[in-house]
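Structure first, then comments.
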Amino acid sequence: MIEYWNPQIERMPLDELEEIQEERLRHLVDYVYTHSPFYKKRFDETGVKPEDIKTLEDLQKLPFTYKQDLRDNYPKGMFCVPDTQLVRYHVSSGTTGKPTVVGYTKSDIHEWAKSLGRALTSIGVGRGDVLQVSYGYGLFTGGLGLHYGAEEVGSTVLPISVGNTDKQLELMQDLGTTTLACTPSYFLYMAEEAKDKGIDFQKDTGLKTGIFGAEPWTEEMRKRMENATGIKAYDVFGTSELSGPLFTECTCQDGIHIWGDQFIVEIIDPETGDTLPEGERGELVITTLTKEALPLIRYRIGDYTILNKQPCECGRTHPRIMRVTGRVDDMLIIRGINVFPGQVESVLMKIPEVGEHFIIHVDRINEMDTMKIQIEMNDEAFSDKVNDIISLEKKVASALKSVLNLSVGVELVEQGTIPRSIGKSKKVIDNRKL
């Protein structure tokens, strides 16, 4: 039987949902024009006034918001409420410049937890479950986001954060963890450590569900993880600017539900900014409808995905985004051809002789871009015979070329050669930028 956190909202007819979106969009535009000097200036510069926005079609009249806008207005120049109404800050890492600071009112925290309450219910997580949160806690939004969502649905939270893998596995067994939330990279590492210790997830733990995100991963990787551990693996989506993790797939595993009463989703051509029709892949753009401290209008997320407005088999009517295939800034251009790390992973995970860990090395030699992929072999496939390894390298290179339309170098290495990550994994080393 399918469970809903709020069936009236989650199964609302699309036309009624769009009426709510239009009403909240009009309120949002008035709100930011009145309370945000940034948006007032941006609207005035583009010649749009709040009274110009009457329907969802008018959304395209509004200017985009960029991550650089948050950095340029660091730390709180885009906030719409005074400090006395703030109950929390979260701050991004700021590895590529000034960090982004997000403030939250009490209502913002409640809306965040509500979004994840619906999401967790949609994958069957609720009262009686033990959710082990192995995302980082603190300034990073992942840990506290899943924590509040789990408490919203009545699950017991194990707030272990990231790292200390021996303790992770010990408590998973001793406290009966049923759901694990972490990056896919860390789960792969955890699974390796469990295997080394003789721990079988299916026999020795109660783990049945994994919630994986914070980095792109593929459908092929999902199948590998599920087959190896017996769990059901679900994709989770969010960004620190929006509130961290917010949405998941449902048990149908056919796209991530975006709650239309809280957010409006668009897909645009990243080059022209034009809105693309449903079903075409492009850059994700999101407008927040209920945030008070830091509302965002037409915020360019930078992820490539497809919008699906068709009702899901689970009965939920809210739009879905299909699996994110990469980020605009993750795209590699090799000799004029666009390559995403996710494409490489998708190919490799279909080849049983190779493992889950790889790293892409990009360089420029004699003014020519080159790409070489270092890939771990499975223990069963490892051979002392040079000819066997050369033959497998040719097989992998041929499979990659058929998808990428690009000849790449392949180097197969022993399992354990590539560094492991307890957070987001590093899939690319681009020496052209060094």
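Please note that chains go A, B, ... in the order of the structure tokens, that every chain numbers its residues from 1, and that ligands are numbered from 1 in the order shown.
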Sorted by chain and rising residue number, which residues of range 157-260 of chain A lie within 10 Å of range 331-351 of chain A, and what are their closest atom pairs and distances in Å to one decimal, counting only C-alpha atoms, as a Markdown table?
| residue | atom | partner | partner_atom | distance |
| --- | --- | --- | --- | --- |
| A:Pro216 | CA | A:Gly342 | CA | 6.9 |
| A:Trp217 | CA | A:Gly342 | CA | 6.5 |
| A:Thr218 | CA | A:Ser346 | CA | 6.0 |
| A:Glu219 | CA | A:Ser346 | CA | 7.3 |
| A:Glu220 | CA | A:Met349 | CA | 5.6 |
| A:Met221 | CA | A:Met349 | CA | 6.1 |
| A:Arg222 | CA | A:Met349 | CA | 9.4 |
| A:Lys223 | CA | A:Met349 | CA | 8.8 |
| A:Arg224 | CA | A:Met349 | CA | 7.4 |
**Residues within 12 Å of range 20-29 of chain A, only C-alpha atoms, excluding chain neighbours under 6 positions, as a ChimeraX atom specification** = /A:9,12-14,35-36,39-40,42-43,48-63,80,259-265,287-298,318
**Pick from A:Ile267, A:Leu412, A:Leu131, A:Ile123 nearest to Val386 in chain A, counting only C-alpha atoms** = A:Leu412
**Asked** Excluding same-chain residues fewer than 5 positions from Gly142 in chain A, what lies within 7 Å of it counting only C-alpha atoms, as a ChimeraX atom specification?
**Response** /A:135-137,244-245
**For Glu3 in chain A, the nearest of the candidates A:Phe64, A:Asp69, A:Val153, A:Ile360, counting only C-alpha atoms** =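 Residue with the minimum atom-to-atom distance to Glu3 in chain A: A:Val153.
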**Message:** Could you go through range 261-361 of chain A and tell me which residues DSSP, when run on the backbone, assigns to strand (DSSP E or B), listing them as a ChimeraX atom specification?
**Reply:** /A:263-268,275,281-288,299-308,320-321,326-327,332-334,337-339,354-361
**Request:** May I have the residues within 10 Å of Leu146 in chain A as a VMD selection string, using only C-alpha atoms and disregarding those fewer than 6 positions away in the same chain?
**Result:** chain A and resid 112 to 113 116 to 117 120 131 to 135 152 157 159 181 to 182 211 244 to 246
Can I get the selected residues back with all heavy atoms, as a tab-separated table (two decimals), in the first residue's frame?
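Saved result, again-v1.tsv, follows:
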chain	number	residue	atom	x	y	z
A	112	TRP	N	11.38	23.07	5.23
A	112	TRP	CA	12.44	22.13	4.87
A	112	TRP	C	12.12	20.74	5.40
A	112	TRP	O	12.17	19.74	4.67
A	112	TRP	CB	13.76	22.66	5.44
A	112	TRP	CG	15.00	21.93	5.06
A	112	TRP	CD1	15.15	20.93	4.14
A	112	TRP	CD2	16.31	22.17	5.59
A	112	TRP	NE1	16.46	20.53	4.07
A	112	TRP	CE2	17.19	21.28	4.94
A	112	TRP	CE3	16.82	23.05	6.53
A	112	TRP	CZ2	18.56	21.23	5.23
A	112	TRP	CZ3	18.18	23.02	6.81
A	112	TRP	CH2	19.04	22.12	6.17
A	113	ALA	N	11.79	20.67	6.70
A	113	ALA	CA	11.46	19.38	7.30
A	113	ALA	C	10.22	18.77	6.66
A	113	ALA	O	10.15	17.55	6.44
A	113	ALA	CB	11.24	19.56	8.81
A	116	LEU	N	11.10	17.09	3.33
A	116	LEU	CA	11.75	15.80	3.51
A	116	LEU	C	10.82	14.80	4.17
A	116	LEU	O	10.96	13.58	3.95
A	116	LEU	CB	13.02	15.97	4.34
A	116	LEU	CG	14.22	16.45	3.51
A	116	LEU	CD1	15.35	16.93	4.39
A	116	LEU	CD2	14.71	15.33	2.59
A	117	GLY	N	9.85	15.27	4.96
A	117	GLY	CA	8.86	14.36	5.52
A	117	GLY	C	8.07	13.69	4.41
A	117	GLY	O	7.85	12.47	4.43
A	120	LEU	N	10.64	11.24	2.53
A	120	LEU	CA	10.96	10.00	3.25
A	120	LEU	C	9.76	9.05	3.27
A	120	LEU	O	9.91	7.84	3.12
A	120	LEU	CB	11.42	10.31	4.67
A	120	LEU	CG	12.78	11.02	4.77
A	120	LEU	CD1	13.07	11.43	6.21
A	120	LEU	CD2	13.90	10.13	4.25
A	131	LEU	N	17.20	5.75	11.12
A	131	LEU	CA	17.89	6.40	10.00
A	131	LEU	C	19.26	6.86	10.46
A	131	LEU	O	19.39	7.73	11.31
A	131	LEU	CB	17.06	7.59	9.48
A	131	LEU	CG	17.42	8.08	8.07
A	131	LEU	CD1	16.28	8.88	7.48
A	131	LEU	CD2	18.69	8.91	8.04
A	132	GLN	N	20.27	6.24	9.90
A	132	GLN	CA	21.66	6.57	10.21
A	132	GLN	C	22.11	7.67	9.26
A	132	GLN	O	22.26	7.45	8.06
A	132	GLN	CB	22.54	5.33	10.06
A	132	GLN	CG	24.01	5.52	10.43
A	132	GLN	CD	24.73	4.20	10.57
A	132	GLN	OE1	24.13	3.19	10.97
A	132	GLN	NE2	26.01	4.16	10.24
A	133	VAL	N	22.30	8.87	9.80
A	133	VAL	CA	22.67	10.02	8.98
A	133	VAL	C	24.19	10.12	8.94
A	133	VAL	O	24.82	10.54	9.92
A	133	VAL	CB	22.04	11.32	9.50
A	133	VAL	CG1	22.44	12.49	8.60
A	133	VAL	CG2	20.52	11.20	9.55
A	134	SER	N	24.76	9.74	7.79
A	134	SER	CA	26.22	9.75	7.63
A	134	SER	C	26.66	10.85	6.68
A	134	SER	O	27.74	10.76	6.08
A	134	SER	CB	26.70	8.38	7.14
A	134	SER	OG	26.37	7.38	8.06
A	135	TYR	N	25.82	11.87	6.51
A	135	TYR	CA	26.25	13.13	5.91
A	135	TYR	C	26.86	13.98	7.02
A	135	TYR	O	26.56	13.81	8.20
A	135	TYR	CB	25.06	13.88	5.31
A	135	TYR	CG	24.55	13.32	4.01
A	135	TYR	CD1	23.29	12.74	3.94
A	135	TYR	CD2	25.31	13.39	2.84
A	135	TYR	CE1	22.80	12.23	2.74
A	135	TYR	CE2	24.82	12.89	1.65
A	135	TYR	CZ	23.57	12.30	1.60
A	135	TYR	OH	23.10	11.80	0.42
A	152	GLU	N	10.59	14.33	11.58
A	152	GLU	CA	9.26	14.74	11.12
A	152	GLU	C	8.36	13.52	10.89
A	152	GLU	O	7.16	13.57	11.17
A	152	GLU	CB	9.39	15.55	9.83
A	152	GLU	CG	8.10	16.11	9.29
A	152	GLU	CD	7.66	17.41	9.97
A	152	GLU	OE1	8.38	17.91	10.84
A	152	GLU	OE2	6.58	17.90	9.59
A	157	VAL	N	16.63	8.73	14.85
A	157	VAL	CA	17.81	9.22	14.14
A	157	VAL	C	19.08	8.77	14.84
A	157	VAL	O	19.20	8.89	16.07
A	157	VAL	CB	17.79	10.76	14.04
A	157	VAL	CG1	19.00	11.25	13.25
A	157	VAL	CG2	16.50	11.24	13.38
A	159	PRO	N	22.59	10.15	14.58
A	159	PRO	CA	23.30	11.28	13.95
A	159	PRO	C	24.82	11.10	14.00
A	159	PRO	O	25.54	11.87	14.64
A	159	PRO	CB	22.85	12.46	14.80
A	159	PRO	CG	22.64	11.88	16.16
A	159	PRO	CD	22.17	10.46	15.96
A	181	ALA	N	21.84	7.29	5.10
A	181	ALA	CA	21.92	8.47	4.25
A	181	ALA	C	23.37	8.93	4.19
A	181	ALA	O	23.97	9.26	5.22
A	181	ALA	CB	21.03	9.58	4.77
A	182	CYS	N	23.95	8.96	2.98
A	182	CYS	CA	25.35	9.39	2.81
A	182	CYS	C	25.60	9.60	1.32
A	182	CYS	O	24.70	9.43	0.49
A	182	CYS	CB	26.33	8.37	3.39
A	182	CYS	SG	26.28	6.75	2.59
A	211	ILE	N	19.81	6.32	1.03
A	211	ILE	CA	19.47	7.62	0.46
A	211	ILE	C	20.79	8.29	0.09
A	211	ILE	O	21.54	8.72	0.96
A	211	ILE	CB	18.69	8.48	1.47
A	211	ILE	CG1	17.43	7.75	1.94
A	211	ILE	CG2	18.32	9.83	0.86
A	211	ILE	CD1	16.73	8.44	3.09
A	244	GLY	N	19.63	22.65	1.19
A	244	GLY	CA	20.23	21.32	1.30
A	244	GLY	C	19.31	20.27	0.75
A	244	GLY	O	18.48	20.52	-0.11
A	245	PRO	N	19.41	19.01	1.24
A	245	PRO	CA	18.57	17.94	0.71
A	245	PRO	C	17.10	18.25	0.93
A	245	PRO	O	16.69	18.63	2.02
A	245	PRO	CB	19.01	16.71	1.52
A	245	PRO	CG	19.62	17.27	2.76
A	245	PRO	CD	20.24	18.57	2.37
A	246	LEU	N	16.30	18.09	-0.12
A	246	LEU	CA	14.88	18.44	-0.07
A	246	LEU	C	13.97	17.38	-0.65
A	246	LEU	O	12.85	17.19	-0.17
A	246	LEU	CB	14.63	19.74	-0.85
A	246	LEU	CG	15.03	21.05	-0.18
A	246	LEU	CD1	15.19	22.14	-1.22
A	246	LEU	CD2	13.98	21.47	0.84
